[in-house]
Amino acid sequence: SPTIMREEKNKYPVRKRTRLKEYDYSKNAYYFITICVNDKSEVLGKVENNSVSLNDYGIIIEKKLLDLSERFKSVEIDYYVIMPNHFHCIFILENESDKRKESISNIIGAFKSITTIGLHKMGLSDFKWQRSFYDRMIRNEQELFNIRRYIEQNPLRWELEKENPQNLEM
């Protein structure tokens with residue numbers, strides 16, 4: 001019945017839209033990206049003495065992240081940090097005007113797919129990324145500097161943010 005359908009729909013949380021509706025995510029820019037492991041499971045490594053020690057799963061994530069610029073010629077990885085349950089990075093997107101433009105969503109979709117398959121093959125069969133990702137187009141040099149510093153210092157804040165990794169709010 002329609003009433004049951006309506007109740008079923010409402011049992012899922014209403015997600016805040018993080019994407020700008022009219023924005024062209026293939027636009028050349030620097031993007032700050034955060035992707036979290038589903039349920040914030042700490043499966044990629046651990047933080048000891050204020051630095052990250054990646055395990056085999058985290059090493060695969062790092063390798064696939066760095067391989068993105070081979071797969072997508074329009075993207076370059078700037079600063080990044082892989083934490084036990086999430087990672088932050090800066091993508092530099094430079095699409096050539098005469099070629100098919102890649103978008104941040106396509107690149108991250110491919111990355112999530114490749115890494116999920118890779119970790120499943122390694123035996124982490126229940127691995128999943130959180131459904132979406134956080135992104136922010138970096139607007140100026142000061143913001144770029146602040147975000148790079150935030151990425152570098154992320155392991156230092158691990159104990160403070162462990163229960164609730166926060167995205168950078170500028």
# chains A, B, ... in the order shown; residues from 1 in each chain; ligands from 1
>>> residues_around(residues="region 58-69 of chain A", least_positions_apart="4", cutoff="9 Å", atoms="only C-alpha atoms", output="list in words")
Val43, Leu44, Gly45, Ser53, Leu54, Lys73, Ser74, Val75, Glu76, Ile77, Val81, Ile82, Met83, Pro84, Ile107, Ala110, Phe111, Ile114, Thr115, Gly118 and Leu119 of chain A
>>> select_by_dssp(residues="region 90-128 of chain A", states="strand (DSSP E or B)", output="list in words")
Ile90, Phe91, Ile92 and Leu93 of chain A
>>> residues_around(residues="Ile147 (chain A)", least_positions_apart="4", cutoff="10 Å", atoms="only C-alpha atoms", output="compact mmCIF listing (two decimals) with N, CA, C and O atoms, in the first residue's frame")
# COMPACT_ATOMS: atom_id res chain seq x y z
N PHE A 32 39.76 19.86 -2.97
CA PHE A 32 40.04 19.17 -1.71
C PHE A 32 39.01 18.06 -1.58
O PHE A 32 37.80 18.32 -1.63
N TYR A 79 48.87 17.20 -2.43
CA TYR A 79 49.05 16.67 -1.08
C TYR A 79 47.97 15.62 -0.79
O TYR A 79 46.85 15.74 -1.28
N HIS A 88 42.32 12.27 2.92
CA HIS A 88 42.18 13.61 2.35
C HIS A 88 43.20 13.73 1.24
O HIS A 88 44.32 13.23 1.36
N CYS A 89 42.82 14.40 0.17
CA CYS A 89 43.81 14.70 -0.88
C CYS A 89 43.38 15.94 -1.64
O CYS A 89 42.23 16.38 -1.55
N ILE A 90 44.33 16.47 -2.37
CA ILE A 90 44.05 17.58 -3.27
C ILE A 90 44.26 17.05 -4.68
O ILE A 90 45.34 16.53 -4.99
N ILE A 138 39.11 24.60 -4.32
CA ILE A 138 40.00 25.52 -3.60
C ILE A 138 40.03 26.83 -4.37
O ILE A 138 40.32 26.86 -5.56
N GLU A 141 45.18 30.97 -3.14
CA GLU A 141 46.46 30.49 -2.61
C GLU A 141 46.42 30.27 -1.10
O GLU A 141 46.97 29.31 -0.60
N GLN A 142 45.79 31.19 -0.37
CA GLN A 142 45.72 31.07 1.09
C GLN A 142 44.95 29.81 1.49
O GLN A 142 45.36 29.07 2.37
N GLU A 143 43.85 29.57 0.82
CA GLU A 143 43.06 28.37 1.10
C GLU A 143 43.86 27.11 0.76
O GLU A 143 43.85 26.14 1.52
N ILE A 151 46.14 18.82 5.77
CA ILE A 151 46.45 17.46 5.35
C ILE A 151 47.72 16.97 6.05
O ILE A 151 47.74 15.87 6.61
N GLU A 152 48.75 17.80 6.05
CA GLU A 152 50.01 17.42 6.70
C GLU A 152 49.82 17.15 8.19
O GLU A 152 50.44 16.25 8.74
N GLN A 153 48.98 17.94 8.84
CA GLN A 153 48.82 17.84 10.29
C GLN A 153 47.72 16.86 10.71
O GLN A 153 47.51 16.65 11.90
N LEU A 168 37.48 19.82 6.67
CA LEU A 168 37.92 21.18 6.86
C LEU A 168 36.83 22.15 6.45
O LEU A 168 36.28 22.07 5.37
N GLU A 169 36.50 23.03 7.33
CA GLU A 169 35.53 24.09 7.02
C GLU A 169 36.30 25.39 6.95
O GLU A 169 36.93 25.78 7.92
N MET A 170 36.26 26.03 5.82
CA MET A 170 37.03 27.27 5.66
C MET A 170 36.10 28.46 5.86
O MET A 170 34.99 28.44 5.49
>>> select_by_dssp(residues="region 10-167 of chain A", states="alpha helix (DSSP H)", output="compact mmCIF listing (two decimals) with N, CA and C atoms, in the first residue's frame")
# COMPACT_ATOMS: atom_id res chain seq x y z
N ASN A 10 10.90 7.01 4.36
CA ASN A 10 11.32 7.90 5.44
C ASN A 10 12.27 7.28 6.43
N ASP A 56 48.70 -3.31 4.77
CA ASP A 56 48.67 -3.72 3.35
C ASP A 56 47.49 -3.10 2.62
N TYR A 57 46.35 -2.96 3.30
CA TYR A 57 45.17 -2.38 2.66
C TYR A 57 45.41 -0.89 2.38
N GLY A 58 45.95 -0.20 3.36
CA GLY A 58 46.25 1.23 3.19
C GLY A 58 47.28 1.46 2.09
N ILE A 59 48.24 0.55 1.97
CA ILE A 59 49.27 0.66 0.93
C ILE A 59 48.63 0.52 -0.45
N ILE A 60 47.65 -0.38 -0.58
CA ILE A 60 46.93 -0.55 -1.85
C ILE A 60 46.17 0.74 -2.18
N ILE A 61 45.50 1.32 -1.18
CA ILE A 61 44.76 2.57 -1.39
C ILE A 61 45.73 3.65 -1.89
N GLU A 62 46.89 3.76 -1.25
CA GLU A 62 47.88 4.76 -1.66
C GLU A 62 48.35 4.52 -3.10
N LYS A 63 48.64 3.28 -3.42
CA LYS A 63 49.10 2.96 -4.78
C LYS A 63 48.03 3.32 -5.82
N LYS A 64 46.78 2.94 -5.55
CA LYS A 64 45.69 3.24 -6.51
C LYS A 64 45.44 4.74 -6.60
N LEU A 65 45.60 5.45 -5.50
CA LEU A 65 45.44 6.90 -5.52
C LEU A 65 46.51 7.52 -6.43
N LEU A 66 47.75 7.11 -6.24
CA LEU A 66 48.84 7.67 -7.04
C LEU A 66 48.76 7.23 -8.50
N ASP A 67 48.15 6.06 -8.76
CA ASP A 67 47.96 5.57 -10.14
C ASP A 67 46.90 6.35 -10.90
N LEU A 68 46.08 7.13 -10.19
CA LEU A 68 44.99 7.85 -10.87
C LEU A 68 45.50 8.76 -11.98
N SER A 69 46.67 9.37 -11.78
CA SER A 69 47.17 10.29 -12.80
C SER A 69 47.66 9.54 -14.05
N GLU A 70 47.89 8.23 -13.92
CA GLU A 70 48.20 7.42 -15.11
C GLU A 70 46.92 7.11 -15.86
N ARG A 71 45.90 6.75 -15.10
CA ARG A 71 44.62 6.36 -15.69
C ARG A 71 43.86 7.57 -16.26
N ILE A 104 35.34 15.18 -11.48
CA ILE A 104 35.76 14.68 -10.17
C ILE A 104 34.93 13.44 -9.79
N SER A 105 33.63 13.47 -10.05
CA SER A 105 32.77 12.33 -9.71
C SER A 105 33.18 11.07 -10.45
N ASN A 106 33.50 11.19 -11.74
CA ASN A 106 33.94 10.01 -12.52
C ASN A 106 35.24 9.45 -11.98
N ILE A 107 36.18 10.33 -11.68
CA ILE A 107 37.49 9.90 -11.20
C ILE A 107 37.35 9.20 -9.84
N ILE A 108 36.57 9.79 -8.95
CA ILE A 108 36.40 9.18 -7.63
C ILE A 108 35.59 7.90 -7.72
N GLY A 109 34.60 7.86 -8.60
CA GLY A 109 33.83 6.62 -8.80
C GLY A 109 34.74 5.49 -9.25
N ALA A 110 35.63 5.78 -10.20
CA ALA A 110 36.58 4.76 -10.68
C ALA A 110 37.52 4.35 -9.55
N PHE A 111 38.02 5.32 -8.80
CA PHE A 111 38.93 5.04 -7.69
C PHE A 111 38.26 4.14 -6.65
N LYS A 112 37.04 4.48 -6.27
CA LYS A 112 36.33 3.68 -5.26
C LYS A 112 36.12 2.25 -5.76
N SER A 113 35.76 2.11 -7.01
CA SER A 113 35.52 0.80 -7.59
C SER A 113 36.79 -0.05 -7.61
N ILE A 114 37.87 0.53 -8.13
CA ILE A 114 39.15 -0.17 -8.23
C ILE A 114 39.66 -0.60 -6.85
N THR A 115 39.59 0.31 -5.88
CA THR A 115 40.11 0.00 -4.55
C THR A 115 39.24 -1.03 -3.83
N THR A 116 37.93 -0.93 -4.00
CA THR A 116 37.03 -1.89 -3.35
C THR A 116 37.30 -3.30 -3.89
N ILE A 117 37.41 -3.43 -5.20
CA ILE A 117 37.70 -4.73 -5.82
C ILE A 117 39.05 -5.25 -5.32
N GLY A 118 40.05 -4.37 -5.29
CA GLY A 118 41.39 -4.75 -4.84
C GLY A 118 41.39 -5.25 -3.41
N LEU A 119 40.70 -4.55 -2.52
CA LEU A 119 40.68 -4.97 -1.11
C LEU A 119 39.85 -6.23 -0.92
N HIS A 120 38.79 -6.40 -1.69
CA HIS A 120 38.02 -7.65 -1.62
C HIS A 120 38.90 -8.83 -2.01
N LYS A 121 39.69 -8.66 -3.09
CA LYS A 121 40.59 -9.73 -3.55
C LYS A 121 41.65 -10.07 -2.50
N GLU A 141 45.18 30.97 -3.14
CA GLU A 141 46.46 30.49 -2.61
C GLU A 141 46.42 30.27 -1.10
N GLN A 142 45.79 31.19 -0.37
CA GLN A 142 45.72 31.07 1.09
C GLN A 142 44.95 29.81 1.49
N GLU A 143 43.85 29.57 0.82
CA GLU A 143 43.06 28.37 1.10
C GLU A 143 43.86 27.11 0.76
N LEU A 144 44.58 27.13 -0.35
CA LEU A 144 45.43 26.00 -0.73
C LEU A 144 46.48 25.75 0.34
N PHE A 145 47.12 26.81 0.81
CA PHE A 145 48.12 26.69 1.88
C PHE A 145 47.50 26.08 3.13
N ASN A 146 46.33 26.58 3.54
CA ASN A 146 45.65 26.08 4.75
C ASN A 146 45.27 24.61 4.62
N ILE A 147 44.78 24.22 3.46
CA ILE A 147 44.36 22.84 3.26
C ILE A 147 45.57 21.91 3.21
N ARG A 148 46.64 22.34 2.57
CA ARG A 148 47.87 21.53 2.58
C ARG A 148 48.36 21.33 4.01
N ARG A 149 48.33 22.39 4.80
CA ARG A 149 48.75 22.28 6.20
C ARG A 149 47.81 21.35 6.97
N TYR A 150 46.53 21.46 6.72
CA TYR A 150 45.54 20.58 7.37
C TYR A 150 45.84 19.11 7.04
N ILE A 151 46.14 18.82 5.77
CA ILE A 151 46.45 17.46 5.35
C ILE A 151 47.72 16.97 6.05
N GLU A 152 48.75 17.80 6.05
CA GLU A 152 50.01 17.42 6.70
C GLU A 152 49.82 17.15 8.19
N GLN A 153 48.98 17.94 8.84
CA GLN A 153 48.82 17.84 10.29
C GLN A 153 47.72 16.86 10.71
N TRP A 158 44.60 13.06 15.10
CA TRP A 158 43.90 11.77 15.06
C TRP A 158 43.15 11.48 16.35
N GLU A 159 43.79 11.62 17.49
CA GLU A 159 43.13 11.29 18.76
C GLU A 159 41.93 12.19 19.00
N LEU A 160 42.04 13.46 18.60
CA LEU A 160 40.92 14.39 18.80
C LEU A 160 39.75 14.07 17.88
N GLU A 161 40.05 13.65 16.64
CA GLU A 161 39.00 13.48 15.64
C GLU A 161 38.58 12.04 15.43
>>> closest_residue(among="A:His86, A:Lys46, A:Asp39, A:Val52", to="Tyr134 (chain A)", atoms="only C-alpha atoms")
A:His86
>>> residues_around(residues="Asp135 (chain A)", least_positions_apart="2", cutoff="9 Å", atoms="only C-alpha atoms", output="PDB file with C-alpha atoms, in the first residue's frame")
ATOM      1  CA  THR A  18      27.378  18.382  -0.695  1.00  0.00           C
ATOM      2  CA  ARG A  19      27.483  18.987  -4.443  1.00  0.00           C
ATOM      3  CA  TYR A  31      39.816  20.202  -5.352  1.00  0.00           C
ATOM      4  CA  PHE A  32      40.045  19.173  -1.709  1.00  0.00           C
ATOM      5  CA  ILE A  33      38.609  15.650  -1.438  1.00  0.00           C
ATOM      6  CA  THR A  34      37.737  13.543   1.612  1.00  0.00           C
ATOM      7  CA  ILE A  35      36.560   9.951   1.352  1.00  0.00           C
ATOM      8  CA  ILE A 104      35.758  14.675 -10.167  1.00  0.00           C
ATOM      9  CA  PHE A 133      32.557  12.042  -0.655  1.00  0.00           C
ATOM     10  CA  MET A 137      36.986  23.664  -4.960  1.00  0.00           C
TER      11      MET A 137
END
>>> atom_distance(atom1="CA of Ser26 (chain A)", atom2="CA of Asn95 (chain A)")
7.3 Å
>>> atom_distance(atom1="CA of Trp129 (chain A)", atom2="CA of Lys40 (chain A)")
8.9 Å
>>> atom_distance(atom1="CA of Arg139 (chain A)", atom2="CA of Ala29 (chain A)")
8.4 Å
